[in-house]
Structures are given as structure tokens and as C-alpha cells.
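One file, protein-v3.cif, is given below (mmCIF, N, CA and C atoms).
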data_run
loop_
_atom_site.label_atom_id
_atom_site.label_comp_id
_atom_site.auth_asym_id
_atom_site.auth_seq_id
_atom_site.Cartn_x
_atom_site.Cartn_y
_atom_site.Cartn_z
N ALA D 1 -138.18 -8.81 -182.30
CA ALA D 1 -137.45 -8.68 -181.06
C ALA D 1 -136.48 -7.50 -181.13
N ASP D 2 -135.81 -7.33 -182.28
CA ASP D 2 -134.85 -6.23 -182.41
C ASP D 2 -135.56 -4.88 -182.32
N GLN D 3 -136.74 -4.75 -182.95
CA GLN D 3 -137.49 -3.50 -182.89
C GLN D 3 -137.90 -3.19 -181.47
N ARG D 4 -138.29 -4.23 -180.73
CA ARG D 4 -138.68 -4.06 -179.34
C ARG D 4 -137.49 -3.53 -178.54
N GLN D 5 -136.30 -4.06 -178.79
CA GLN D 5 -135.10 -3.61 -178.08
C GLN D 5 -134.79 -2.15 -178.42
N VAL D 6 -134.96 -1.78 -179.70
CA VAL D 6 -134.71 -0.39 -180.09
C VAL D 6 -135.70 0.54 -179.40
N LEU D 7 -137.00 0.18 -179.43
CA LEU D 7 -138.00 1.02 -178.78
C LEU D 7 -137.76 1.12 -177.27
N THR D 8 -137.38 0.02 -176.65
CA THR D 8 -137.09 0.04 -175.22
C THR D 8 -135.89 0.93 -174.93
N ALA D 9 -134.85 0.86 -175.74
CA ALA D 9 -133.68 1.71 -175.55
C ALA D 9 -134.04 3.19 -175.72
N ILE D 10 -134.84 3.49 -176.74
CA ILE D 10 -135.27 4.88 -176.94
C ILE D 10 -136.08 5.35 -175.74
N LYS D 11 -137.02 4.52 -175.31
CA LYS D 11 -137.86 4.87 -174.16
C LYS D 11 -137.02 5.13 -172.92
N ASN D 12 -136.01 4.31 -172.70
CA ASN D 12 -135.17 4.47 -171.52
C ASN D 12 -134.30 5.73 -171.57
N LYS D 13 -133.96 6.18 -172.77
CA LYS D 13 -133.10 7.36 -172.92
C LYS D 13 -133.89 8.67 -172.98
N MET D 14 -135.17 8.59 -173.35
CA MET D 14 -135.96 9.80 -173.56
C MET D 14 -136.49 10.35 -172.23
N ASN D 15 -136.45 11.63 -172.11
CA ASN D 15 -137.10 12.32 -171.00
C ASN D 15 -137.32 13.77 -171.41
N TRP D 16 -138.15 14.49 -170.66
CA TRP D 16 -138.49 15.87 -171.04
C TRP D 16 -137.28 16.78 -170.99
N LYS D 17 -136.32 16.54 -170.08
CA LYS D 17 -135.11 17.37 -170.03
C LYS D 17 -134.35 17.28 -171.35
N LEU D 18 -134.25 16.08 -171.89
CA LEU D 18 -133.56 15.88 -173.16
C LEU D 18 -134.33 16.54 -174.30
N ILE D 19 -135.64 16.33 -174.32
CA ILE D 19 -136.47 16.89 -175.40
C ILE D 19 -136.42 18.42 -175.38
N LEU D 20 -136.44 19.01 -174.23
CA LEU D 20 -136.52 20.47 -174.12
C LEU D 20 -135.16 21.17 -174.16
N ASN D 21 -134.07 20.41 -174.13
CA ASN D 21 -132.74 21.01 -174.14
C ASN D 21 -132.30 21.23 -175.59
N PRO D 22 -132.24 22.50 -176.04
CA PRO D 22 -131.90 22.76 -177.45
C PRO D 22 -130.50 22.33 -177.84
N ARG D 23 -129.60 22.19 -176.87
CA ARG D 23 -128.25 21.73 -177.20
C ARG D 23 -128.21 20.24 -177.48
N LYS D 24 -129.22 19.51 -177.06
CA LYS D 24 -129.25 18.07 -177.26
C LYS D 24 -130.38 17.61 -178.18
N ASN D 25 -131.49 18.32 -178.17
CA ASN D 25 -132.66 17.81 -178.89
C ASN D 25 -132.59 17.99 -180.40
N TYR D 26 -131.69 18.81 -180.90
CA TYR D 26 -131.64 19.04 -182.35
C TYR D 26 -131.38 17.75 -183.12
N GLN D 27 -130.57 16.85 -182.57
CA GLN D 27 -130.31 15.59 -183.28
C GLN D 27 -131.57 14.74 -183.36
N ILE D 28 -132.29 14.68 -182.25
CA ILE D 28 -133.53 13.91 -182.22
C ILE D 28 -134.56 14.53 -183.16
N LEU D 29 -134.74 15.84 -183.05
CA LEU D 29 -135.74 16.52 -183.87
C LEU D 29 -135.39 16.45 -185.35
N ASN D 30 -134.12 16.57 -185.70
CA ASN D 30 -133.71 16.46 -187.10
C ASN D 30 -133.99 15.05 -187.64
N ALA D 31 -133.68 14.04 -186.83
CA ALA D 31 -133.94 12.66 -187.26
C ALA D 31 -135.43 12.43 -187.45
N VAL D 32 -136.23 12.93 -186.52
CA VAL D 32 -137.68 12.78 -186.64
C VAL D 32 -138.19 13.53 -187.86
N ALA D 33 -137.76 14.78 -188.01
CA ALA D 33 -138.24 15.61 -189.12
C ALA D 33 -137.85 15.01 -190.47
N SER D 34 -136.72 14.36 -190.54
CA SER D 34 -136.26 13.78 -191.80
C SER D 34 -136.95 12.48 -192.15
N ASN D 35 -137.55 11.83 -191.17
CA ASN D 35 -138.06 10.48 -191.40
C ASN D 35 -139.55 10.28 -191.12
N ILE D 36 -140.21 11.29 -190.61
CA ILE D 36 -141.63 11.12 -190.27
C ILE D 36 -142.44 12.27 -190.85
N LYS D 37 -143.56 11.91 -191.46
CA LYS D 37 -144.50 12.91 -191.96
C LYS D 37 -145.79 12.70 -191.19
N THR D 38 -146.30 13.74 -190.52
CA THR D 38 -147.47 13.58 -189.67
C THR D 38 -148.27 14.87 -189.60
N ASP D 39 -149.51 14.75 -189.18
CA ASP D 39 -150.34 15.93 -188.92
C ASP D 39 -150.62 16.08 -187.42
N ILE D 40 -149.84 15.39 -186.60
CA ILE D 40 -149.98 15.49 -185.16
C ILE D 40 -149.52 16.88 -184.72
N THR D 41 -150.30 17.48 -183.84
CA THR D 41 -149.95 18.81 -183.34
C THR D 41 -148.97 18.69 -182.18
N ALA D 42 -148.28 19.79 -181.90
CA ALA D 42 -147.31 19.79 -180.80
C ALA D 42 -147.99 19.46 -179.47
N SER D 43 -149.21 19.92 -179.27
CA SER D 43 -149.89 19.63 -178.01
C SER D 43 -150.26 18.15 -177.88
N GLU D 44 -150.50 17.47 -179.00
CA GLU D 44 -150.81 16.05 -178.96
C GLU D 44 -149.58 15.20 -178.65
N ILE D 45 -148.41 15.70 -178.99
CA ILE D 45 -147.18 14.94 -178.79
C ILE D 45 -146.94 14.66 -177.31
N ARG D 46 -147.26 15.61 -176.45
CA ARG D 46 -147.06 15.43 -175.00
C ARG D 46 -147.84 14.21 -174.50
N GLY D 47 -149.09 14.08 -174.91
CA GLY D 47 -149.90 12.93 -174.50
C GLY D 47 -149.37 11.63 -175.04
N ILE D 48 -148.92 11.65 -176.29
CA ILE D 48 -148.34 10.44 -176.89
C ILE D 48 -147.07 10.04 -176.15
N PHE D 49 -146.23 11.03 -175.82
CA PHE D 49 -145.00 10.74 -175.09
C PHE D 49 -145.32 10.14 -173.72
N ALA D 50 -146.31 10.70 -173.03
CA ALA D 50 -146.69 10.19 -171.70
C ALA D 50 -147.20 8.76 -171.82
N LEU D 51 -148.02 8.50 -172.84
CA LEU D 51 -148.52 7.14 -173.04
C LEU D 51 -147.38 6.18 -173.35
N PHE D 52 -146.50 6.55 -174.27
CA PHE D 52 -145.35 5.71 -174.63
C PHE D 52 -144.48 5.44 -173.41
N ASN D 53 -144.25 6.47 -172.61
CA ASN D 53 -143.38 6.35 -171.45
C ASN D 53 -144.00 5.48 -170.35
N SER D 54 -145.33 5.32 -170.36
CA SER D 54 -145.99 4.53 -169.32
C SER D 54 -146.01 3.03 -169.64
N ILE D 55 -145.63 2.65 -170.85
CA ILE D 55 -145.66 1.24 -171.25
C ILE D 55 -144.38 0.55 -170.80
N PRO D 56 -144.49 -0.51 -170.00
CA PRO D 56 -143.28 -1.24 -169.61
C PRO D 56 -142.60 -1.85 -170.85
N GLY D 57 -141.28 -1.80 -170.88
CA GLY D 57 -140.53 -2.33 -172.01
C GLY D 57 -140.88 -3.76 -172.35
N ALA D 58 -141.16 -4.58 -171.34
CA ALA D 58 -141.48 -5.99 -171.57
C ALA D 58 -142.82 -6.15 -172.29
N SER D 59 -143.65 -5.11 -172.28
CA SER D 59 -144.96 -5.19 -172.91
C SER D 59 -144.95 -4.77 -174.37
N LEU D 60 -143.84 -4.23 -174.86
CA LEU D 60 -143.76 -3.81 -176.26
C LEU D 60 -143.79 -5.03 -177.17
N GLN D 61 -144.56 -4.93 -178.23
CA GLN D 61 -144.66 -6.01 -179.20
C GLN D 61 -144.25 -5.49 -180.57
N SER D 62 -143.70 -6.35 -181.37
CA SER D 62 -143.32 -6.00 -182.73
C SER D 62 -144.23 -6.74 -183.70
N LEU D 63 -144.95 -5.98 -184.52
CA LEU D 63 -145.82 -6.56 -185.53
C LEU D 63 -145.40 -5.99 -186.88
N SER D 64 -145.54 -6.78 -187.91
CA SER D 64 -145.14 -6.35 -189.24
C SER D 64 -146.36 -6.10 -190.12
N LEU D 65 -146.41 -4.92 -190.73
CA LEU D 65 -147.46 -4.64 -191.69
C LEU D 65 -147.14 -5.25 -193.06
N ARG D 66 -145.98 -5.86 -193.17
CA ARG D 66 -145.62 -6.59 -194.40
C ARG D 66 -146.26 -7.97 -194.43
N ASP D 67 -146.57 -8.52 -193.26
CA ASP D 67 -147.21 -9.83 -193.18
C ASP D 67 -148.03 -9.89 -191.90
N PHE D 68 -149.19 -9.26 -191.93
CA PHE D 68 -150.09 -9.29 -190.79
C PHE D 68 -151.30 -10.13 -191.17
N ASN D 69 -151.44 -11.26 -190.51
CA ASN D 69 -152.50 -12.23 -190.83
C ASN D 69 -152.49 -12.60 -192.32
N GLY D 70 -151.28 -12.76 -192.87
CA GLY D 70 -151.13 -13.18 -194.25
C GLY D 70 -151.32 -12.10 -195.30
N LYS D 71 -151.46 -10.85 -194.86
CA LYS D 71 -151.67 -9.76 -195.81
C LYS D 71 -150.53 -8.75 -195.72
N ASN D 72 -150.09 -8.23 -196.86
CA ASN D 72 -149.07 -7.18 -196.92
C ASN D 72 -149.77 -5.84 -197.10
N PHE D 73 -149.63 -4.96 -196.13
CA PHE D 73 -150.29 -3.67 -196.16
C PHE D 73 -149.42 -2.56 -196.74
N LEU D 74 -148.18 -2.89 -197.12
CA LEU D 74 -147.23 -1.86 -197.57
C LEU D 74 -146.66 -2.19 -198.94
N VAL D 75 -146.34 -1.14 -199.68
CA VAL D 75 -145.62 -1.28 -200.95
C VAL D 75 -144.47 -0.29 -200.94
N SER D 76 -143.39 -0.66 -201.61
CA SER D 76 -142.25 0.25 -201.75
C SER D 76 -142.55 1.22 -202.88
N THR D 77 -142.26 2.50 -202.63
CA THR D 77 -142.49 3.53 -203.65
C THR D 77 -141.28 4.44 -203.71
N ASN D 78 -141.26 5.28 -204.70
CA ASN D 78 -140.22 6.30 -204.81
C ASN D 78 -140.79 7.69 -204.58
N TYR D 79 -141.90 7.78 -203.88
CA TYR D 79 -142.53 9.05 -203.55
C TYR D 79 -141.69 9.76 -202.49
N GLU D 80 -141.15 10.91 -202.82
CA GLU D 80 -140.28 11.68 -201.91
C GLU D 80 -139.14 10.83 -201.39
N GLY D 81 -138.48 10.11 -202.26
CA GLY D 81 -137.38 9.21 -201.86
C GLY D 81 -137.91 7.80 -201.72
N SER D 82 -137.08 6.89 -201.33
CA SER D 82 -137.49 5.50 -201.16
C SER D 82 -138.30 5.38 -199.88
N THR D 83 -139.57 5.04 -200.01
CA THR D 83 -140.46 4.99 -198.86
C THR D 83 -141.37 3.76 -198.94
N LEU D 84 -142.05 3.52 -197.86
CA LEU D 84 -143.11 2.52 -197.82
C LEU D 84 -144.43 3.28 -197.79
N SER D 85 -145.37 2.85 -198.59
CA SER D 85 -146.68 3.48 -198.64
C SER D 85 -147.74 2.41 -198.43
N PRO D 86 -148.95 2.83 -198.03
CA PRO D 86 -150.03 1.85 -197.90
C PRO D 86 -150.32 1.16 -199.23
N ALA D 87 -150.52 -0.14 -199.18
CA ALA D 87 -150.81 -0.90 -200.40
C ALA D 87 -152.14 -0.48 -201.00
N ALA D 88 -153.05 0.05 -200.18
CA ALA D 88 -154.36 0.47 -200.67
C ALA D 88 -154.27 1.73 -201.53
N GLY D 89 -153.14 2.43 -201.46
CA GLY D 89 -152.96 3.66 -202.23
C GLY D 89 -152.30 4.73 -201.37
N LEU D 90 -151.64 5.65 -202.03
CA LEU D 90 -150.94 6.73 -201.32
C LEU D 90 -151.93 7.48 -200.43
N GLN D 91 -151.61 7.60 -199.18
CA GLN D 91 -152.43 8.28 -198.17
C GLN D 91 -153.74 7.54 -197.85
N ASP D 92 -153.92 6.30 -198.29
CA ASP D 92 -155.11 5.53 -197.96
C ASP D 92 -154.74 4.53 -196.87
N PHE D 93 -155.02 4.89 -195.64
CA PHE D 93 -154.65 4.08 -194.49
C PHE D 93 -155.81 3.23 -193.97
N SER D 94 -156.88 3.12 -194.74
CA SER D 94 -158.08 2.42 -194.27
C SER D 94 -157.80 0.96 -193.89
N ASP D 95 -157.05 0.24 -194.72
CA ASP D 95 -156.73 -1.16 -194.40
C ASP D 95 -155.84 -1.26 -193.16
N ILE D 96 -154.89 -0.35 -193.05
CA ILE D 96 -153.99 -0.35 -191.90
C ILE D 96 -154.77 0.00 -190.64
N ASP D 97 -155.67 0.99 -190.72
CA ASP D 97 -156.50 1.35 -189.57
C ASP D 97 -157.34 0.16 -189.11
N ALA D 98 -157.90 -0.58 -190.07
CA ALA D 98 -158.72 -1.76 -189.73
C ALA D 98 -157.86 -2.83 -189.05
N ALA D 99 -156.62 -3.02 -189.54
CA ALA D 99 -155.72 -4.01 -188.92
C ALA D 99 -155.36 -3.58 -187.50
N LEU D 100 -155.11 -2.30 -187.30
CA LEU D 100 -154.79 -1.80 -185.96
C LEU D 100 -155.99 -1.94 -185.02
N ASP D 101 -157.19 -1.71 -185.54
CA ASP D 101 -158.39 -1.93 -184.72
C ASP D 101 -158.49 -3.40 -184.30
N GLU D 102 -158.14 -4.30 -185.22
CA GLU D 102 -158.19 -5.73 -184.92
C GLU D 102 -157.19 -6.09 -183.80
N ILE D 103 -156.01 -5.46 -183.84
CA ILE D 103 -154.99 -5.71 -182.82
C ILE D 103 -155.46 -5.25 -181.45
N SER D 104 -156.12 -4.10 -181.41
CA SER D 104 -156.49 -3.50 -180.12
C SER D 104 -157.72 -4.12 -179.48
N GLN D 105 -158.35 -5.07 -180.17
CA GLN D 105 -159.54 -5.71 -179.58
C GLN D 105 -159.20 -6.89 -178.73
#

Written form, C-alpha cells:
Amino acid sequence: ADQRQVLTAIKNKMNWKLILNPRKNYQILNAVASNIKTDITASEIRGIFALFNSIPGASLQSLSLRDFNGKNFLVSTNYEGSTLSPAAGLQDFSDIDAALDEISQ
């Protein structure tokens, strides 16, 4: 429930004016850059933002990869600082992808 509230608050505060304003977006971009590693391209981000923005806050769900259907998909590691990594192995997201496919069906 708390994660849902955080995502809803972020969704309500985010807009393209904020993202594109260099006087305001540096805090958001620094936080993202410091905490997320991805291969998503800048052009793909626009579609993701539009999709995220179209979801009503009441529809957001919180699921844990620490206990999804009785299985823990994450392990704590010290790779590049204290992080969570896939239990199947560093950069092996196959089990997580399968769990996400199960959710979306």
C-alpha cells in the first residue's frame, strides 16, 4: 500500500513541463541516474511515461519479488554498492521475466 501511495504521488507530480525544465529536472534526473541502471533509450522513455501517466492511481498494485507465489527472486549483493540482484544470477532476469509474464496473463 505504501509503494502504491508513493507511485501515485510521483504520478500526480510528474508532467512534461517538470521533466523538460532544467532548473527543476536535475533533482529528478540525478535521483534516477544514481539509483537505476537501464538500457532504455531516451525515445522509449516517452512511451513509458505516457503509459505510466495513463494508469489510474487506484489501479496501481504493489507486488514483491521477495515473496511472489512463495518464491524469492532477489538476493542482496554488494555489486556497485548495496543492491538487490536477481537470485538466478547477476543480470539473469529470466525468472523475473517469467513471473512478470504470469502477472500479465

Original post:
Quick one: which residues end up in the PyMOL selection byres (((chain D and resi 58-66 and name CA) around 12) and name CA) for this structure, as a PyMOL selection string?
Top reply: chain D and resi 1-9+11+52-57+67-76+84-87+93+95-100+103

Original post:
Quick one, how far is atom N of Leu90 in chain D from atom C of Asn78 in chain D?
Top reply: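 One can read the atom N of Leu90 in chain D to atom C of Asn78 in chain D distance as 11.3 Å.
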
**OP:** Measure the distance from atom C of Asp101 in chain D to CA of Gly89 in chain D in Å and round it to one decimal.
**Re:**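 Separation of atom C of Asp101 in chain D and CA of Gly89 in chain D: 20.0 Å.
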
**OP:** Return as number ranges by chain the full set of residues in chain D whose backbone-based DSSP assignment is alpha helix (DSSP H).
**Re:** D: 2-13, 16-20, 22-35, 42-54, 94-104

Original post:
Residues of range 45-100 of chain D in strand (DSSP E or B) according to DSSP, as a list in words?
Top reply: Phe68, Lys71, Leu74, Val75, Ser76, Thr77, Thr83, Leu84, Ser85 and Pro86 of chain D

Original post:
Any idea what the distance is between CA of Thr38 in chain D and CA of Asp92 in chain D?
Top reply: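 Taking CA of Thr38 in chain D and CA of Asp92 in chain D, their separation equals 13.9 Å.
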